[in-house]
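Only one structure is covered here, and it is reproduced in the block below.
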Amino acid sequence: MTDQTSPTVRHAPDRSRYEIEVDGGTAGFTAYRDRGEQQRVFYHTKIYDAFSGQGLASRLVREALSDVRETGRRIVPVCPYVKGFLEKHQEFADIADPVTPDVVRWIEAELR
(Lines give C-alpha, C1' and ligand atoms only; values in the text may rest on other atoms or scores of the structure.)
Protein backbone atom coordinates (compact mmCIF):
# COMPACT_ATOMS: atom_id res chain seq x y z
CA MET A 1 0.00 0.00 0.00
CA THR A 2 1.21 3.49 -0.80
CA ASP A 3 0.24 6.88 0.51
CA GLN A 4 0.87 8.62 -2.80
CA THR A 5 -2.07 10.50 -4.17
CA SER A 6 -3.35 9.94 -7.69
CA PRO A 7 -1.92 12.23 -10.35
CA THR A 8 -4.19 15.17 -11.07
CA VAL A 9 -4.37 17.41 -14.12
CA ARG A 10 -5.22 21.06 -13.79
CA HIS A 11 -5.61 23.82 -16.33
CA ALA A 12 -3.36 26.82 -15.67
CA PRO A 13 -4.75 29.36 -18.16
CA ASP A 14 -2.57 32.16 -16.79
CA ARG A 15 0.43 30.08 -17.93
CA SER A 16 -1.24 28.74 -21.11
CA ARG A 17 -0.73 25.15 -20.12
CA TYR A 18 -2.12 22.08 -18.44
CA GLU A 19 -0.08 20.67 -15.56
CA ILE A 20 -0.02 17.21 -14.03
CA GLU A 21 0.68 17.03 -10.32
CA VAL A 22 1.88 14.08 -8.26
CA ASP A 23 1.96 14.30 -4.47
CA GLY A 24 1.46 18.06 -4.58
CA GLY A 25 4.32 18.76 -6.98
CA THR A 26 4.30 19.49 -10.69
CA ALA A 27 5.40 16.42 -12.66
CA GLY A 28 5.04 17.97 -16.10
CA PHE A 29 2.97 20.09 -18.44
CA THR A 30 1.64 20.50 -21.96
CA ALA A 31 1.81 24.06 -23.27
CA TYR A 32 -0.45 25.77 -25.77
CA ARG A 33 -1.44 29.07 -27.30
CA ASP A 34 -4.97 29.92 -28.36
CA ARG A 35 -5.26 30.95 -31.99
CA GLY A 36 -8.39 33.05 -32.11
CA GLU A 37 -11.48 31.65 -30.47
CA GLN A 38 -11.46 28.36 -32.37
CA GLN A 39 -8.09 26.67 -32.03
CA ARG A 40 -5.82 25.62 -29.18
CA VAL A 41 -2.34 24.99 -30.60
CA PHE A 42 -0.29 22.57 -28.47
CA TYR A 43 3.43 23.12 -29.03
CA HIS A 44 5.31 21.40 -26.18
CA THR A 45 4.82 18.58 -23.67
CA LYS A 46 7.29 17.83 -20.88
CA ILE A 47 7.35 15.28 -18.08
CA TYR A 48 10.20 15.85 -15.65
CA ASP A 49 12.79 13.07 -15.46
CA ALA A 50 11.90 12.04 -11.92
CA PHE A 51 8.39 11.16 -13.13
CA SER A 52 9.14 9.57 -16.51
CA GLY A 53 7.91 6.09 -17.37
CA GLN A 54 4.72 6.33 -15.33
CA GLY A 55 2.26 7.05 -18.15
CA LEU A 56 1.80 10.63 -16.98
CA ALA A 57 2.20 12.26 -20.40
CA SER A 58 -0.63 10.19 -21.83
CA ARG A 59 -2.91 10.99 -18.91
CA LEU A 60 -2.00 14.69 -19.09
CA VAL A 61 -2.67 14.98 -22.81
CA ARG A 62 -5.89 12.94 -22.67
CA GLU A 63 -7.32 15.20 -19.97
CA ALA A 64 -6.12 18.36 -21.71
CA LEU A 65 -7.74 17.32 -25.00
CA SER A 66 -10.95 16.38 -23.20
CA ASP A 67 -11.00 19.86 -21.69
CA VAL A 68 -10.48 21.42 -25.12
CA ARG A 69 -13.44 19.41 -26.42
CA GLU A 70 -15.62 20.80 -23.61
CA THR A 71 -14.65 24.38 -24.52
CA GLY A 72 -15.73 23.87 -28.12
CA ARG A 73 -12.26 24.61 -29.48
CA ARG A 74 -10.25 22.53 -31.91
CA ILE A 75 -6.78 21.03 -31.39
CA VAL A 76 -3.73 21.74 -33.53
CA PRO A 77 -0.91 19.30 -32.60
CA VAL A 78 2.37 21.11 -33.32
CA CYS A 79 3.87 19.22 -30.36
CA PRO A 80 5.22 15.83 -31.53
CA TYR A 81 3.88 14.08 -28.43
CA VAL A 82 0.35 15.44 -28.91
CA LYS A 83 0.53 14.55 -32.62
CA GLY A 84 1.52 10.96 -31.78
CA PHE A 85 -1.18 10.74 -29.13
CA LEU A 86 -3.82 11.82 -31.65
CA GLU A 87 -2.63 9.22 -34.15
CA LYS A 88 -3.20 6.49 -31.53
CA HIS A 89 -6.44 7.90 -30.08
CA GLN A 90 -8.91 8.46 -32.87
CA GLU A 91 -11.61 9.52 -30.41
CA PHE A 92 -10.18 13.04 -30.70
CA ALA A 93 -9.92 13.09 -34.51
CA ASP A 94 -13.19 15.02 -34.81
CA ILE A 95 -11.70 18.06 -33.05
CA ALA A 96 -8.18 17.96 -34.56
CA ASP A 97 -6.99 20.35 -37.26
CA PRO A 98 -3.89 19.76 -39.38
CA VAL A 99 -0.62 21.53 -38.74
CA THR A 100 -0.16 23.87 -41.70
CA PRO A 101 2.79 26.12 -42.59
CA ASP A 102 0.60 29.08 -41.57
CA VAL A 103 0.07 27.61 -38.09
CA VAL A 104 3.79 26.89 -37.72
CA ARG A 105 4.68 30.50 -38.67
CA TRP A 106 2.02 31.78 -36.27
CA ILE A 107 3.22 29.72 -33.28
CA GLU A 108 6.85 30.61 -33.94
CA ALA A 109 5.91 34.31 -33.90
CA GLU A 110 3.87 33.83 -30.70
CA LEU A 111 6.80 32.23 -28.91
CA ARG A 112 9.36 34.91 -29.75
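Labels used: A, B, ... for chains in the order of the C-alpha coordinates, numbers from 1 for residues in each chain, and numbers from 1 for ligands as shown.
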
All residues 9 Å or closer to A:Ala96, only C-alpha atoms, same chain fewer than 2 positions away omitted, as an mmCIF file with all heavy atoms, in the first residue's frame:
data_model
loop_
_atom_site.group_PDB
_atom_site.id
_atom_site.type_symbol
_atom_site.label_atom_id
_atom_site.label_comp_id
_atom_site.auth_asym_id
_atom_site.auth_seq_id
_atom_site.Cartn_x
_atom_site.Cartn_y
_atom_site.Cartn_z
ATOM 1 N N ARG A 74 -10.870 23.600 -31.152
ATOM 2 C CA ARG A 74 -10.248 22.529 -31.910
ATOM 3 C C ARG A 74 -8.775 22.446 -31.525
ATOM 4 O O ARG A 74 -8.213 23.396 -31.015
ATOM 5 C CB ARG A 74 -10.431 22.771 -33.403
ATOM 6 C CG ARG A 74 -11.935 22.807 -33.770
ATOM 7 C CD ARG A 74 -12.181 22.877 -35.243
ATOM 8 N NE ARG A 74 -11.619 21.785 -36.001
ATOM 9 C CZ ARG A 74 -12.101 20.544 -36.062
ATOM 10 N NH1 ARG A 74 -13.190 20.231 -35.375
ATOM 11 N NH2 ARG A 74 -11.524 19.619 -36.796
ATOM 12 N N ILE A 75 -8.165 21.306 -31.764
ATOM 13 C CA ILE A 75 -6.781 21.035 -31.390
ATOM 14 C C ILE A 75 -5.898 21.106 -32.628
ATOM 15 O O ILE A 75 -6.247 20.554 -33.671
ATOM 16 C CB ILE A 75 -6.674 19.616 -30.793
ATOM 17 C CG1 ILE A 75 -7.540 19.502 -29.547
ATOM 18 C CG2 ILE A 75 -5.238 19.229 -30.522
ATOM 19 C CD1 ILE A 75 -7.972 18.096 -29.248
ATOM 20 N N VAL A 76 -4.751 21.772 -32.485
ATOM 21 C CA VAL A 76 -3.725 21.737 -33.526
ATOM 22 C C VAL A 76 -2.456 21.187 -32.873
ATOM 23 O O VAL A 76 -1.880 21.834 -32.001
ATOM 24 C CB VAL A 76 -3.477 23.130 -34.133
ATOM 25 C CG1 VAL A 76 -2.470 23.026 -35.279
ATOM 26 C CG2 VAL A 76 -4.775 23.759 -34.626
ATOM 27 N N PRO A 77 -2.018 19.983 -33.279
ATOM 28 C CA PRO A 77 -0.910 19.303 -32.602
ATOM 29 C C PRO A 77 0.473 19.620 -33.182
ATOM 30 O O PRO A 77 1.087 18.790 -33.850
ATOM 31 C CB PRO A 77 -1.257 17.828 -32.798
ATOM 32 C CG PRO A 77 -1.907 17.799 -34.147
ATOM 33 C CD PRO A 77 -2.701 19.091 -34.229
ATOM 34 N N LEU A 86 -2.637 11.753 -30.794
ATOM 35 C CA LEU A 86 -3.821 11.820 -31.647
ATOM 36 C C LEU A 86 -3.850 10.692 -32.677
ATOM 37 O O LEU A 86 -4.916 10.175 -33.007
ATOM 38 C CB LEU A 86 -3.902 13.174 -32.348
ATOM 39 C CG LEU A 86 -4.313 14.339 -31.466
ATOM 40 C CD1 LEU A 86 -4.093 15.667 -32.188
ATOM 41 C CD2 LEU A 86 -5.756 14.209 -31.025
ATOM 42 N N PHE A 92 -10.333 11.587 -30.643
ATOM 43 C CA PHE A 92 -10.176 13.041 -30.696
ATOM 44 C C PHE A 92 -10.044 13.567 -32.129
ATOM 45 O O PHE A 92 -9.883 14.769 -32.327
ATOM 46 C CB PHE A 92 -8.957 13.481 -29.876
ATOM 47 C CG PHE A 92 -9.117 13.236 -28.406
ATOM 48 C CD1 PHE A 92 -8.478 12.176 -27.784
ATOM 49 C CD2 PHE A 92 -9.923 14.071 -27.633
ATOM 50 C CE1 PHE A 92 -8.624 11.940 -26.422
ATOM 51 C CE2 PHE A 92 -10.081 13.841 -26.272
ATOM 52 C CZ PHE A 92 -9.430 12.777 -25.671
ATOM 53 N N ALA A 93 -10.111 12.690 -33.114
ATOM 54 C CA ALA A 93 -9.923 13.093 -34.514
ATOM 55 C C ALA A 93 -10.944 14.139 -34.961
ATOM 56 O O ALA A 93 -10.637 14.999 -35.789
ATOM 57 C CB ALA A 93 -9.987 11.870 -35.429
ATOM 58 N N ASP A 94 -12.134 14.096 -34.389
ATOM 59 C CA ASP A 94 -13.193 15.015 -34.810
ATOM 60 C C ASP A 94 -12.944 16.461 -34.382
ATOM 61 O O ASP A 94 -13.588 17.377 -34.895
ATOM 62 C CB ASP A 94 -14.556 14.553 -34.284
ATOM 63 C CG ASP A 94 -14.626 14.536 -32.763
ATOM 64 O OD1 ASP A 94 -13.667 14.046 -32.130
ATOM 65 O OD2 ASP A 94 -15.633 15.010 -32.215
ATOM 66 N N PRO A 98 -5.260 20.060 -38.951
ATOM 67 C CA PRO A 98 -3.894 19.762 -39.383
ATOM 68 C C PRO A 98 -2.929 20.905 -39.047
ATOM 69 O O PRO A 98 -3.333 22.062 -38.923
ATOM 70 C CB PRO A 98 -4.029 19.592 -40.898
ATOM 71 C CG PRO A 98 -5.229 20.399 -41.261
ATOM 72 C CD PRO A 98 -6.156 20.309 -40.085
#

Counting only C-alpha atoms, which residues of stretch 27-73 of chain A fall within 10 Å of stretch 19-22 of chain A, and what is the closest atom pair for each with its distance in Å at one decimal, ordered by chain and rising number, as a Markdown table?
| residue | atom | partner | partner_atom | distance |
| --- | --- | --- | --- | --- |
| A:Ala27 | CA | A:Glu21 | CA | 5.3 |
| A:Gly28 | CA | A:Ile20 | CA | 5.5 |
| A:Phe29 | CA | A:Glu19 | CA | 4.2 |
| A:Thr30 | CA | A:Glu19 | CA | 6.6 |
| A:Ala31 | CA | A:Glu19 | CA | 8.6 |
| A:Thr45 | CA | A:Glu19 | CA | 9.7 |
| A:Lys46 | CA | A:Glu19 | CA | 9.5 |
| A:Ile47 | CA | A:Ile20 | CA | 8.6 |
| A:Phe51 | CA | A:Val22 | CA | 8.6 |
| A:Leu56 | CA | A:Ile20 | CA | 7.4 |
| A:Ala57 | CA | A:Ile20 | CA | 8.4 |
| A:Arg59 | CA | A:Ile20 | CA | 8.4 |
| A:Leu60 | CA | A:Ile20 | CA | 6.0 |
| A:Val61 | CA | A:Ile20 | CA | 9.4 |
| A:Glu63 | CA | A:Ile20 | CA | 9.6 |
| A:Ala64 | CA | A:Glu19 | CA | 8.9 |

| field | Residue nearest A:Tyr48 among A:Thr26, A:His89, A:Val82, A:Asp102 (counting only C-alpha atoms) | value | A:Thr26

| task | Mind the document's chain letters and residue numbers, and return as a VMD selection string the residues of chain A that DSSP labels strand (DSSP E or B). | result | chain A and resid 8 to 12 17 to 22 25 to 35 39 to 47 74 to 77 96

Using only N, CA and C atoms, please write the residues we just selected to a file, as a short mmCIF file (atom, residue, chain, number, x, y, z; two decimals), in the first residue's frame.
data_model
loop_
_atom_site.label_atom_id
_atom_site.label_comp_id
_atom_site.auth_asym_id
_atom_site.auth_seq_id
_atom_site.Cartn_x
_atom_site.Cartn_y
_atom_site.Cartn_z
N THR A 8 -3.07 14.32 -10.68
CA THR A 8 -4.19 15.17 -11.07
C THR A 8 -3.73 16.16 -12.14
N VAL A 9 -4.64 16.45 -13.04
CA VAL A 9 -4.37 17.41 -14.12
C VAL A 9 -5.17 18.66 -13.83
N ARG A 10 -4.51 19.80 -13.97
CA ARG A 10 -5.22 21.06 -13.79
C ARG A 10 -4.85 22.00 -14.92
N HIS A 11 -5.82 22.80 -15.31
CA HIS A 11 -5.61 23.82 -16.33
C HIS A 11 -5.05 25.05 -15.65
N ALA A 12 -3.97 25.59 -16.18
CA ALA A 12 -3.36 26.82 -15.67
C ALA A 12 -3.41 27.86 -16.79
N ARG A 17 -1.12 26.55 -20.13
CA ARG A 17 -0.73 25.15 -20.12
C ARG A 17 -1.61 24.34 -19.17
N TYR A 18 -1.52 23.04 -19.35
CA TYR A 18 -2.12 22.08 -18.44
C TYR A 18 -0.97 21.43 -17.69
N GLU A 19 -1.14 21.24 -16.39
CA GLU A 19 -0.08 20.67 -15.56
C GLU A 19 -0.58 19.38 -14.92
N ILE A 20 0.32 18.44 -14.76
CA ILE A 20 -0.02 17.21 -14.03
C ILE A 20 0.78 17.24 -12.73
N GLU A 21 0.07 16.99 -11.65
CA GLU A 21 0.68 17.03 -10.32
C GLU A 21 0.67 15.64 -9.69
N VAL A 22 1.75 15.34 -9.00
CA VAL A 22 1.88 14.08 -8.26
C VAL A 22 2.35 14.45 -6.86
N GLY A 25 3.30 18.10 -6.17
CA GLY A 25 4.32 18.76 -6.98
C GLY A 25 4.04 18.60 -8.46
N THR A 26 4.51 19.55 -9.24
CA THR A 26 4.30 19.49 -10.69
C THR A 26 5.23 18.44 -11.29
N ALA A 27 4.64 17.49 -12.01
CA ALA A 27 5.40 16.42 -12.66
C ALA A 27 5.65 16.71 -14.13
N GLY A 28 4.88 17.63 -14.69
CA GLY A 28 5.04 17.97 -16.10
C GLY A 28 3.92 18.87 -16.57
N PHE A 29 3.96 19.18 -17.87
CA PHE A 29 2.97 20.09 -18.44
C PHE A 29 2.87 19.89 -19.95
N THR A 30 1.78 20.37 -20.51
CA THR A 30 1.64 20.50 -21.96
C THR A 30 1.22 21.95 -22.21
N ALA A 31 1.99 22.62 -23.04
CA ALA A 31 1.81 24.06 -23.27
C ALA A 31 1.08 24.32 -24.58
N TYR A 32 0.33 25.41 -24.60
CA TYR A 32 -0.45 25.77 -25.77
C TYR A 32 -0.53 27.29 -25.92
N ARG A 33 -1.02 27.69 -27.07
CA ARG A 33 -1.44 29.07 -27.30
C ARG A 33 -2.78 28.98 -28.02
N ASP A 34 -3.69 29.87 -27.67
CA ASP A 34 -4.97 29.92 -28.36
C ASP A 34 -4.84 30.78 -29.60
N ARG A 35 -5.28 30.24 -30.71
CA ARG A 35 -5.26 30.95 -31.99
C ARG A 35 -6.70 31.35 -32.28
N GLN A 39 -9.13 27.67 -32.09
CA GLN A 39 -8.09 26.67 -32.03
C GLN A 39 -7.19 26.81 -30.80
N ARG A 40 -6.82 25.67 -30.24
CA ARG A 40 -5.82 25.62 -29.18
C ARG A 40 -4.63 24.85 -29.78
N VAL A 41 -3.52 25.55 -29.95
CA VAL A 41 -2.34 24.99 -30.60
C VAL A 41 -1.38 24.49 -29.52
N PHE A 42 -1.21 23.18 -29.43
CA PHE A 42 -0.29 22.57 -28.47
C PHE A 42 1.09 22.50 -29.11
N TYR A 43 2.09 23.06 -28.43
CA TYR A 43 3.43 23.12 -29.03
C TYR A 43 4.52 22.44 -28.20
N HIS A 44 4.26 22.05 -26.96
CA HIS A 44 5.31 21.40 -26.18
C HIS A 44 4.70 20.61 -25.02
N THR A 45 5.21 19.40 -24.82
CA THR A 45 4.82 18.58 -23.67
C THR A 45 6.10 18.11 -22.98
N LYS A 46 6.11 18.20 -21.66
CA LYS A 46 7.29 17.83 -20.88
C LYS A 46 6.87 17.13 -19.60
N ILE A 47 7.46 15.96 -19.37
CA ILE A 47 7.35 15.28 -18.08
C ILE A 47 8.76 15.28 -17.50
N ARG A 74 -10.87 23.60 -31.15
CA ARG A 74 -10.25 22.53 -31.91
C ARG A 74 -8.77 22.45 -31.52
N ILE A 75 -8.17 21.31 -31.76
CA ILE A 75 -6.78 21.03 -31.39
C ILE A 75 -5.90 21.11 -32.63
N VAL A 76 -4.75 21.77 -32.49
CA VAL A 76 -3.73 21.74 -33.53
C VAL A 76 -2.46 21.19 -32.87
N PRO A 77 -2.02 19.98 -33.28
CA PRO A 77 -0.91 19.30 -32.60
C PRO A 77 0.47 19.62 -33.18
N ALA A 96 -9.58 17.67 -34.21
CA ALA A 96 -8.18 17.96 -34.56
C ALA A 96 -8.10 18.63 -35.93
#

| Could you write out, as an MDAnalysis selection string, all the residues of stretch 34-73 of chain A that DSSP marks as helix (DSSP H, G or I)? | chainID A and resid 49:51 56:71

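Atom CA of A:Ser16 sits 16.5 Å away from atom CA of A:Arg62.
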
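The space separating atom CA of A:Pro13 from atom CA of A:Leu65 comes to 14.2 Å.
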
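The spacing separating atom CA of A:Glu110 from atom CA of A:Ile95 amounts to 22.3 Å.
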